[in-house]
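coords.cif, holding mmCIF, C-alpha atoms and all ligand atoms:
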```cif
data_my_file
loop_
_atom_site.label_atom_id
_atom_site.label_comp_id
_atom_site.auth_asym_id
_atom_site.auth_seq_id
_atom_site.Cartn_x
_atom_site.Cartn_y
_atom_site.Cartn_z
CA VAL I 1 14.99 -14.56 -36.34
CA ALA I 2 16.94 -17.77 -36.84
CA GLY I 3 20.52 -17.02 -37.72
CA ALA I 4 20.28 -13.34 -36.73
CA PRO I 5 23.61 -12.36 -35.20
CA GLY I 6 23.76 -12.14 -31.44
CA VAL I 7 20.37 -13.62 -30.57
CA GLY I 8 21.45 -17.26 -30.73
CA PRO I 9 21.63 -19.75 -27.86
CA GLY I 10 24.74 -18.20 -26.32
CA ALA I 11 23.55 -14.60 -26.42
CA GLU I 12 24.07 -12.72 -23.20
CA VAL I 13 20.82 -11.84 -21.41
CA GLY I 14 21.81 -8.29 -20.45
CA GLN I 15 22.71 -7.52 -24.05
CA LEU I 16 19.51 -9.07 -25.34
CA LEU I 17 17.50 -6.91 -22.95
CA ALA I 18 19.34 -3.74 -23.97
CA ARG I 19 18.64 -4.56 -27.60
CA ALA I 20 15.00 -5.38 -26.90
CA GLN I 21 14.66 -2.03 -25.10
CA ALA I 22 16.08 -0.35 -28.19
CA GLY I 23 13.29 -1.90 -30.26
CA ASP I 24 14.98 -5.09 -31.52
CA VAL I 25 12.05 -7.47 -31.86
CA ALA I 26 14.26 -10.53 -32.51
CA ALA I 27 16.05 -9.94 -29.21
CA LEU I 28 12.71 -9.59 -27.42
CA ALA I 29 11.43 -12.83 -28.98
CA ARG I 30 14.61 -14.60 -27.87
CA LEU I 31 14.19 -13.37 -24.28
CA LEU I 32 10.60 -14.59 -24.24
CA THR I 33 11.66 -18.00 -25.52
CA LEU I 34 14.27 -18.24 -22.78
CA ALA I 35 11.73 -17.20 -20.14
CA GLU I 36 9.18 -19.74 -21.38
CA ARG I 37 11.59 -22.64 -21.45
CA GLY I 38 12.45 -22.39 -17.78
CA GLY I 39 15.69 -23.57 -16.25
CA ALA I 40 18.88 -21.66 -15.55
CA ARG I 41 18.58 -19.18 -18.42
CA ALA I 42 14.98 -18.36 -17.48
CA ARG I 43 16.24 -17.53 -14.00
CA GLU I 44 18.83 -15.25 -15.52
CA VAL I 45 16.17 -13.51 -17.62
CA SER I 46 14.03 -13.15 -14.52
CA GLU I 47 16.89 -11.57 -12.56
CA HIS I 48 17.26 -8.95 -15.29
CA CYS I 49 13.55 -8.29 -15.67
CA PHE I 50 12.20 -8.55 -12.14
CA GLY I 51 12.28 -5.00 -10.96
CA PRO I 52 9.82 -2.60 -9.43
CA ALA I 53 6.30 -3.94 -9.92
CA ALA I 54 5.36 -0.56 -11.37
CA ALA I 55 7.15 -1.52 -14.58
CA VAL I 56 4.11 -3.58 -15.48
CA GLU I 57 1.48 -0.95 -16.08
CA GLN I 58 -1.58 -2.94 -17.03
CA VAL I 59 -2.22 -6.52 -18.00
CA VAL I 60 -5.65 -7.00 -19.54
CA GLY I 61 -6.80 -10.59 -19.88
CA LEU I 62 -9.49 -11.54 -22.40
CA THR I 63 -11.12 -14.86 -21.81
CA GLY I 64 -14.35 -16.62 -22.71
CA PRO I 65 -15.63 -19.54 -24.75
CA PRO I 66 -14.11 -20.11 -28.20
CA GLY I 67 -15.66 -18.16 -31.05
CA THR I 68 -17.14 -15.29 -29.04
CA GLY I 69 -14.93 -12.76 -30.83
CA LYS I 70 -11.99 -12.32 -28.46
CA SER I 71 -9.37 -12.09 -31.21
CA THR I 72 -11.53 -9.70 -33.21
CA LEU I 73 -11.96 -7.57 -30.10
CA VAL I 74 -8.24 -7.70 -29.32
CA SER I 75 -7.48 -6.43 -32.78
CA MET I 76 -9.95 -3.57 -32.27
CA LEU I 77 -8.54 -2.81 -28.80
CA ILE I 78 -5.05 -2.63 -30.31
CA ALA I 79 -6.39 -0.02 -32.71
CA ALA I 80 -7.98 1.90 -29.81
CA ALA I 81 -4.72 1.80 -27.84
CA ARG I 82 -2.78 2.98 -30.88
CA ARG I 83 -5.21 5.86 -31.42
CA ALA I 84 -4.50 6.82 -27.80
CA GLY I 85 -0.79 6.76 -28.64
CA ARG I 86 -0.04 3.65 -26.57
CA LYS I 87 2.25 0.79 -27.54
CA VAL I 88 0.63 -2.54 -26.92
CA ALA I 89 1.83 -6.13 -26.68
CA VAL I 90 -0.43 -9.14 -27.14
CA LEU I 91 0.13 -12.60 -25.70
CA ALA I 92 -2.15 -15.12 -27.41
CA VAL I 93 -2.17 -18.07 -25.04
CA ASP I 94 -3.32 -21.58 -25.83
CA PRO I 95 -2.99 -23.91 -22.84
CA SER I 96 -4.69 -26.78 -24.64
CA SER I 97 -2.23 -27.44 -27.42
CA PRO I 98 1.45 -28.36 -27.19
CA ARG I 99 2.04 -26.31 -30.33
CA SER I 100 0.40 -23.24 -31.73
CA GLY I 101 -2.89 -24.71 -32.85
CA GLY I 102 -5.53 -23.64 -35.32
CA ALA I 103 -7.09 -21.10 -32.99
CA LEU I 104 -3.86 -19.17 -32.70
CA LEU I 105 -3.29 -19.43 -36.41
CA GLY I 106 -6.66 -17.73 -36.94
CA ASP I 107 -5.66 -15.09 -34.42
CA ARG I 108 -2.49 -14.39 -36.32
CA VAL I 109 -4.51 -13.74 -39.45
CA ARG I 110 -6.72 -11.27 -37.57
CA MET I 111 -3.67 -9.55 -36.05
CA GLN I 112 -2.26 -9.07 -39.55
CA ALA I 113 -4.07 -5.73 -39.61
CA HIS I 114 -1.32 -4.47 -37.29
CA ALA I 115 1.63 -6.07 -39.07
CA GLY I 116 4.28 -3.50 -39.78
CA ASP I 117 3.22 -1.28 -36.86
CA SER I 118 6.28 -1.04 -34.60
CA GLY I 119 3.99 -0.08 -31.71
CA VAL I 120 2.35 -3.53 -31.71
CA PHE I 121 4.00 -6.78 -30.65
CA VAL I 122 2.16 -10.10 -30.91
CA ARG I 123 3.38 -13.36 -29.44
CA SER I 124 1.73 -16.78 -29.29
CA MET I 125 2.33 -18.98 -26.28
CA ALA I 126 1.44 -22.64 -26.04
CA THR I 127 2.30 -25.24 -23.42
CA ARG I 128 5.92 -26.19 -23.93
CA GLY I 129 6.30 -28.30 -20.86
CA ALA I 130 7.86 -25.52 -18.81
CA LEU I 131 7.87 -26.30 -15.12
CA GLY I 132 4.62 -25.01 -13.69
CA GLY I 133 2.92 -24.55 -17.06
CA LEU I 134 1.55 -21.44 -18.67
CA ALA I 135 0.17 -19.94 -15.49
CA VAL I 136 3.84 -19.52 -14.53
CA ALA I 137 5.28 -18.82 -17.99
CA VAL I 138 2.78 -16.04 -18.74
CA PRO I 139 3.62 -13.76 -15.79
CA ALA I 140 7.32 -14.30 -16.57
CA ALA I 141 6.66 -13.24 -20.18
CA VAL I 142 4.73 -10.18 -18.97
CA ARG I 143 7.74 -9.09 -16.90
CA VAL I 144 10.03 -9.49 -19.89
CA LEU I 145 7.69 -7.34 -21.97
CA ALA I 146 7.46 -4.65 -19.31
CA ALA I 147 11.24 -4.57 -18.85
CA ALA I 148 11.66 -4.27 -22.61
CA GLY I 149 9.35 -1.26 -22.75
CA TRP I 150 5.94 -2.87 -23.31
CA PRO I 151 4.05 -2.05 -20.10
CA VAL I 152 0.58 -2.60 -21.58
CA VAL I 153 -0.18 -6.23 -22.36
CA LEU I 154 -3.33 -7.83 -23.74
CA LEU I 155 -3.58 -11.49 -22.82
CA GLU I 156 -5.95 -13.60 -24.90
CA THR I 157 -6.78 -17.19 -23.98
CA VAL I 158 -8.64 -19.54 -26.33
CA GLY I 159 -11.24 -21.08 -24.05
CA VAL I 160 -12.58 -21.42 -20.53
CA GLY I 161 -10.84 -24.48 -19.08
CA GLN I 162 -9.23 -24.31 -15.65
CA SER I 163 -5.80 -23.53 -17.08
CA GLU I 164 -7.26 -20.66 -19.10
CA LEU I 165 -8.89 -19.27 -15.98
CA ASP I 166 -5.55 -19.62 -14.15
CA VAL I 167 -3.89 -17.63 -16.91
CA ALA I 168 -6.67 -15.03 -16.84
CA ALA I 169 -6.07 -14.68 -13.10
CA THR I 170 -2.58 -13.36 -13.84
CA ALA I 171 -4.14 -10.22 -15.38
CA ASP I 172 -4.94 -7.01 -13.51
CA THR I 173 -8.22 -6.66 -15.38
CA THR I 174 -10.06 -9.66 -16.76
CA VAL I 175 -12.49 -9.10 -19.60
CA VAL I 176 -14.89 -12.00 -20.15
CA VAL I 177 -16.15 -12.03 -23.73
CA LEU I 178 -19.45 -13.78 -24.41
CA HIS I 179 -21.90 -13.73 -27.28
CA PRO I 180 -25.66 -14.27 -27.49
CA GLY I 181 -25.19 -17.86 -28.70
CA TRP I 182 -23.28 -19.04 -25.66
CA GLY I 183 -25.60 -20.49 -23.07
CA ASP I 184 -27.53 -18.54 -20.48
CA ALA I 185 -26.30 -16.49 -17.55
CA VAL I 186 -26.52 -19.48 -15.20
CA GLN I 187 -24.10 -21.43 -17.41
CA VAL I 188 -21.80 -18.43 -17.49
CA ALA I 189 -21.86 -18.34 -13.70
CA LYS I 190 -21.31 -22.10 -13.38
CA ALA I 191 -18.30 -21.94 -15.68
CA GLY I 192 -16.75 -19.62 -13.10
CA LEU I 193 -16.74 -16.73 -15.55
CA LEU I 194 -18.66 -14.26 -13.40
CA GLU I 195 -16.19 -14.73 -10.57
CA VAL I 196 -13.19 -13.84 -12.70
CA ALA I 197 -14.83 -11.02 -14.68
CA ASP I 198 -13.90 -7.40 -14.06
CA VAL I 199 -15.62 -6.41 -17.30
CA LEU I 200 -18.30 -8.46 -19.08
CA VAL I 201 -18.65 -8.02 -22.82
CA VAL I 202 -21.62 -9.33 -24.76
CA ASN I 203 -20.12 -9.31 -28.22
CA LYS I 204 -21.95 -9.79 -31.53
CA ALA I 205 -24.55 -7.27 -30.41
CA ASP I 206 -25.47 -7.07 -34.09
CA ARG I 207 -27.17 -10.44 -33.57
CA PRO I 208 -30.51 -11.05 -31.86
CA GLY I 209 -30.53 -11.79 -28.14
CA ALA I 210 -27.63 -9.59 -27.09
CA SER I 211 -29.52 -7.14 -24.89
CA GLU I 212 -31.44 -10.02 -23.26
CA ALA I 213 -28.11 -11.73 -22.54
CA ALA I 214 -26.80 -8.51 -21.01
CA ARG I 215 -29.91 -8.14 -18.84
CA GLU I 216 -29.57 -11.73 -17.60
CA LEU I 217 -25.96 -11.10 -16.66
CA GLU I 218 -26.95 -7.96 -14.74
CA ALA I 219 -29.57 -10.01 -12.92
CA MET I 220 -26.97 -12.61 -11.96
CA LEU I 221 -24.71 -9.84 -10.66
CA ASP I 222 -27.67 -8.46 -8.68
CA LEU I 223 -27.95 -11.90 -7.08
CA GLY I 224 -24.35 -11.63 -5.98
CA TRP I 225 -22.85 -14.08 -8.46
CA GLY I 226 -19.91 -11.85 -9.16
CA ALA I 227 -19.40 -11.59 -5.44
CA GLU I 228 -15.76 -12.60 -5.41
CA VAL I 229 -15.49 -8.81 -5.64
CA VAL I 230 -12.39 -7.87 -3.71
CA ALA I 231 -13.20 -5.39 -1.00
CA PRO I 232 -11.28 -2.19 -1.67
CA ALA I 233 -8.30 -1.72 0.63
CA ALA I 234 -9.19 1.90 1.27
CA ALA I 235 -12.66 3.28 1.87
CA GLY I 236 -14.75 3.50 -1.27
CA PRO I 237 -17.12 1.49 -3.37
CA ALA I 238 -16.44 -2.11 -4.36
CA TRP I 239 -16.13 -2.87 -8.07
CA ARG I 240 -19.13 -4.21 -9.92
CA PRO I 241 -18.26 -5.57 -13.37
CA PRO I 242 -19.94 -3.44 -16.03
CA VAL I 243 -21.74 -5.33 -18.81
CA VAL I 244 -20.82 -3.84 -22.18
CA LEU I 245 -22.52 -4.57 -25.50
CA ALA I 246 -20.16 -4.63 -28.48
CA SER I 247 -19.90 -5.65 -32.07
CA ALA I 248 -16.19 -6.16 -32.49
CA SER I 249 -16.34 -7.02 -36.18
CA ARG I 250 -18.12 -3.71 -36.83
CA GLY I 251 -15.93 -1.80 -34.41
CA GLU I 252 -18.96 -0.87 -32.33
CA GLY I 253 -18.72 -0.68 -28.54
CA VAL I 254 -14.95 -1.08 -28.63
CA ASP I 255 -14.32 2.36 -27.14
CA GLU I 256 -16.80 1.48 -24.39
CA VAL I 257 -14.87 -1.74 -23.64
CA TRP I 258 -11.61 0.21 -23.55
CA ALA I 259 -13.25 2.81 -21.25
CA ALA I 260 -14.48 0.05 -18.90
CA VAL I 261 -10.97 -1.41 -18.78
CA ALA I 262 -9.55 2.05 -18.03
CA ALA I 263 -12.19 2.57 -15.32
CA HIS I 264 -11.20 -0.72 -13.68
CA ARG I 265 -7.55 0.26 -13.85
CA HIS I 266 -8.40 3.57 -12.21
CA TRP I 267 -10.46 1.80 -9.53
CA LEU I 268 -7.62 -0.63 -8.76
CA ARG I 269 -5.36 2.33 -8.06
CA ALA I 270 -7.84 4.72 -6.42
CA SER I 271 -9.23 2.05 -4.08
CA GLY I 272 -5.75 0.99 -3.03
CA SER I 273 -6.47 -2.55 -4.22
CA LEU I 274 -3.62 -2.87 -6.70
CA PRO I 275 -0.73 -3.63 -4.30
CA GLY I 276 -2.74 -6.38 -2.57
CA HIS I 277 -3.87 -7.76 -5.91
CA ARG I 278 -0.32 -7.90 -7.24
CA ALA I 279 1.00 -9.37 -3.99
CA ALA I 280 -1.61 -12.15 -4.12
CA GLN I 281 -0.64 -12.87 -7.73
CA ALA I 282 3.05 -13.02 -6.86
CA GLN I 283 2.33 -15.46 -4.02
CA ALA I 284 0.14 -17.60 -6.27
CA GLU I 285 2.96 -17.70 -8.81
CA ALA I 286 5.49 -18.65 -6.13
CA LEU I 287 3.16 -21.42 -4.93
CA ARG I 288 2.76 -22.78 -8.48
CA ARG I 289 6.50 -22.78 -8.95
CA ALA I 290 7.01 -24.56 -5.64
CA GLN I 291 4.36 -27.16 -6.52
CA ALA I 292 6.07 -27.81 -9.85
CA LEU I 293 9.46 -28.18 -8.16
CA VAL I 294 8.05 -30.54 -5.55
CA SER I 295 6.31 -32.73 -8.10
CA SER I 296 9.40 -33.01 -10.27
CA ALA I 297 11.42 -33.89 -7.15
CA LEU I 298 8.87 -36.61 -6.42
CA VAL I 299 9.15 -38.00 -9.93
CA GLU I 300 12.93 -38.03 -9.50
CA ALA I 301 12.66 -39.79 -6.15
CA MET I 302 10.53 -42.50 -7.74
CA ALA I 303 13.25 -43.08 -10.33
CA SER I 304 15.85 -43.78 -7.64
CA ALA I 305 17.16 -47.23 -6.71
CA SER I 306 16.11 -46.82 -3.09
CA TRP I 307 12.51 -46.26 -4.20
CA LEU I 308 12.60 -49.69 -5.87
CA ALA I 309 13.12 -51.29 -2.47
CA VAL I 310 10.27 -49.27 -0.98
CA ALA I 311 8.05 -50.13 -3.93
CA GLN I 312 8.87 -53.81 -3.51
CA GLY I 313 8.00 -53.67 0.19
CA LEU I 314 4.76 -51.93 -0.79
CA SER I 315 3.76 -54.66 -3.24
CA GLN I 316 4.71 -57.40 -0.75
CA GLY I 317 2.56 -55.80 1.90
CA LYS I 318 5.53 -55.06 4.17
CA ILE I 319 5.25 -51.30 3.87
CA THR I 320 1.96 -49.41 4.01
CA PRO I 321 1.05 -46.79 1.36
CA GLU I 322 1.18 -44.22 4.19
CA GLU I 323 4.76 -45.14 5.01
CA ALA I 324 5.74 -45.13 1.33
CA GLY I 325 4.15 -41.71 0.89
CA GLU I 326 5.99 -40.37 3.93
CA TRP I 327 9.23 -41.85 2.59
CA LEU I 328 8.72 -40.02 -0.71
CA ALA I 329 7.77 -36.74 0.96
CA ALA I 330 10.88 -36.95 3.13
CA ARG I 331 13.04 -37.25 0.00
CA VAL I 332 11.83 -33.92 -1.40
CA GLY I 333 14.25 -31.11 -0.84
CA ARG I 334 17.20 -33.40 -0.17
CA GLY I 335 18.32 -33.17 -3.79
N1 LIG I 401 -21.70 -11.12 -36.19
C1 LIG I 401 -20.55 -10.90 -35.57
N2 LIG I 401 -19.53 -11.75 -35.72
C2 LIG I 401 -18.38 -11.51 -35.07
C3 LIG I 401 -18.22 -10.39 -34.22
N3 LIG I 401 -16.99 -10.43 -33.69
C4 LIG I 401 -16.38 -11.52 -34.18
N4 LIG I 401 -17.22 -12.18 -35.02
C5 LIG I 401 -16.93 -13.40 -35.76
O1 LIG I 401 -16.92 -14.52 -34.87
C6 LIG I 401 -15.96 -15.48 -35.29
C7 LIG I 401 -15.01 -15.81 -34.15
O2 LIG I 401 -14.24 -14.66 -33.86
P1 LIG I 401 -12.84 -14.74 -33.10
O3 LIG I 401 -12.41 -13.33 -32.89
O4 LIG I 401 -11.90 -15.65 -33.77
O5 LIG I 401 -13.29 -15.41 -31.73
P2 LIG I 401 -12.40 -16.01 -30.54
O6 LIG I 401 -12.34 -17.49 -30.73
O7 LIG I 401 -13.15 -15.66 -29.31
O8 LIG I 401 -11.05 -15.36 -30.60
C8 LIG I 401 -15.26 -14.90 -36.51
O9 LIG I 401 -15.86 -15.43 -37.66
C9 LIG I 401 -15.55 -13.42 -36.39
O10 LIG I 401 -15.53 -12.77 -37.62
C10 LIG I 401 -19.34 -9.49 -34.08
O11 LIG I 401 -19.28 -8.50 -33.35
N5 LIG I 401 -20.46 -9.81 -34.77
MG MG I 402 -9.14 -16.18 -30.57
#
```
Just give me the structure as structure tokens.
Amino acid sequence: VAGAPGVGPGAEVGQLLARAQAGDVAALARLLTLAERGGARAREVSEHCFGPAAAVEQVVGLTGPPGTGKSTLVSMLIAAARRAGRKVAVLAVDPSSPRSGGALLGDRVRMQAHAGDSGVFVRSMATRGALGGLAVAVPAAVRVLAAAGWPVVLLETVGVGQSELDVAATADTTVVVLHPGWGDAVQVAKAGLLEVADVLVVNKADRPGASEAARELEAMLDLGWGAEVVAPAAAGPAWRPPVVLASASRGEGVDEVWAAVAAHRHWLRASGSLPGHRAAQAQAEALRRAQALVSSALVEAMASASWLAVAQGLSQGKITPEEAGEWLAARVGRG
């Protein structure tokens, strides 16, 4: 990519997008880098890519504890999508590392199976200090992909920390991948995984304990643990996450996972839930962006000379922390 003509720092966004739409992967990568970095050029990218929401067809998030087989499953799902004649983009997201860490490196190796297939695009994303973090950078990247002709996106996160769950929440359909070795259903529920799951996969079904794990999960769902279930906008049944047994490394159960994802996609549309779901996501993204802007404005205010006087008054006991806080808050938005 480096040194390719016309995709360098000065490249014009409209041209890059036209080239990306024509299948130029270097141009697409450049657009994604601009979107991730934030700032003026990211805004420009956003203006070109933020169109009708329908451009994004389906974003499928895969989350779950490390080592449960998410990357293996993603690779198999890519194959399933390709058999169905669909192009598919993958965002492998690692909120924990400032650079692409070992986990993503391993993922890259597994994705190698699809290297050379022009219908598959894989991109790693790690925290690069963009304002608002990955939970903001990921939806921006998804819009770039959709605008460039990649409306189906698989989003893999490496673990189950809060930032991973935030990223997973930017998907339309969240697949939680577990395996028999990872705790019991109560732990799964406590980690917040049942709440975010639209599809539950018990992977490594070739190992002992998988059907027991699946039964426990069903029992937790019976108890209402998945009950963050969004009520459908129109009349019709609510969605209950199906529990699917799979053995990704053997390619078993993968079609069932894909079918469950398709069923959820169908439900989102048929129940009328999709517009509300997307609107809530857009508002959450706007809120995150606003929070990031406010906190950087606060940091800036605390670097100002006038803050020094306030800080001095604070340490001398002449100004209360409440007053100092109000002073800072009043500075935000004044530039
Ligand atoms: N026995 C068994 N091992 C699997 C299966 N799926 C993945 N694995 C293995 O589990 C390990 C972790 O897989 P990986 O896809 O990297 O997990 P991730 O961290 O969730 O992305 C690798 O050694 C895989 O080969 C499966 O269905 N059965
Ligand atoms: Mg992985």
Can you pull out every residue within 9 Å of Val74 (chain I), counting only C-alpha atoms, but drop anything in the same chain fewer than 5 positions away, and send it as a PyMOL selection string?
chain I and resi 62+69+79+90+111+154-156+248
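Between atom MG of ligand MG 402 (chain I) and CA of Ala171 (chain I) lies a distance of 17.1 Å.
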By how many Å are CA of Ala169 (chain I) and CA of Val299 (chain I) apart?
28.0 Å
Length of the atom C10 of ligand LIG 401 (chain I) to CA of Trp182 (chain I) vector [Å]:
13.3 Å
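If you measure from each of I:Ala263, I:Ala329, I:Ala11, I:Ala168 to Arg41 (chain I) using all atoms listed in the file, the closest one turns out to be I:Ala11.
With distances restricted to all atoms listed in the file, I:Thr63 is the closest residue to Asp198 (chain I) from I:Gln291, I:Gln312, I:Thr63, I:Gln21.
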Residue with smallest distance to Val202 (chain I) - pool I:Val257, I:Leu287, I:Ala146, I:Val153, counting all atoms listed in the file
I:Val257
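Comparing I:Leu134, I:Ser75, I:Gly67, I:Glu322 by their smallest distance to Gly181 (chain I), the closest is I:Gly67 (using all atoms listed in the file).
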Hey, which residues sit close to ligand LIG 401 (chain I)? Say within 8 Å, counting all atoms listed in the file, and write them as a VMD selection string.
chain I and resid 63 to 74 103 106 to 107 110 156 158 to 159 177 203 to 207 246 to 252
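If all atoms listed in the file are the atoms counted, then among I:Ser211, I:Gln15, I:Ser124, I:Ser163 the closest residue to ligand MG 402 (chain I) is I:Ser124.
Among the candidates I:Ala185, I:Val244, I:Val25, I:Ala141, the one nearest to Leu223 (chain I) when counting all atoms listed in the file is I:Ala185.
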Non-local contacts of Glu216 (chain I) (12 Å; all atoms listed in the file; under 3 positions in same chain excluded) as a PDB file with C-alpha atoms, in the coordinates of the input:
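The resulting file, result.pdb, is reproduced below:
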```
ATOM      1  CA  PRO I 180     -25.660 -14.270 -27.490  1.00  0.00           C
ATOM      2  CA  GLY I 183     -25.600 -20.490 -23.070  1.00  0.00           C
ATOM      3  CA  ASP I 184     -27.530 -18.540 -20.480  1.00  0.00           C
ATOM      4  CA  ALA I 185     -26.300 -16.490 -17.550  1.00  0.00           C
ATOM      5  CA  VAL I 186     -26.520 -19.480 -15.200  1.00  0.00           C
ATOM      6  CA  GLN I 187     -24.100 -21.430 -17.410  1.00  0.00           C
ATOM      7  CA  VAL I 188     -21.800 -18.430 -17.490  1.00  0.00           C
ATOM      8  CA  ALA I 189     -21.860 -18.340 -13.700  1.00  0.00           C
ATOM      9  CA  LEU I 194     -18.660 -14.260 -13.400  1.00  0.00           C
ATOM     10  CA  LEU I 200     -18.300  -8.460 -19.080  1.00  0.00           C
ATOM     11  CA  VAL I 202     -21.620  -9.330 -24.760  1.00  0.00           C
ATOM     12  CA  GLY I 209     -30.530 -11.790 -28.140  1.00  0.00           C
ATOM     13  CA  ALA I 210     -27.630  -9.590 -27.090  1.00  0.00           C
ATOM     14  CA  SER I 211     -29.520  -7.140 -24.890  1.00  0.00           C
ATOM     15  CA  GLU I 212     -31.440 -10.020 -23.260  1.00  0.00           C
ATOM     16  CA  ALA I 213     -28.110 -11.730 -22.540  1.00  0.00           C
ATOM     17  CA  ALA I 219     -29.570 -10.010 -12.920  1.00  0.00           C
ATOM     18  CA  MET I 220     -26.970 -12.610 -11.960  1.00  0.00           C
ATOM     19  CA  LEU I 221     -24.710  -9.840 -10.660  1.00  0.00           C
ATOM     20  CA  ASP I 222     -27.670  -8.460  -8.680  1.00  0.00           C
ATOM     21  CA  LEU I 223     -27.950 -11.900  -7.080  1.00  0.00           C
ATOM     22  CA  TRP I 225     -22.850 -14.080  -8.460  1.00  0.00           C
ATOM     23  CA  VAL I 243     -21.740  -5.330 -18.810  1.00  0.00           C
TER      24      VAL I 243
END
```
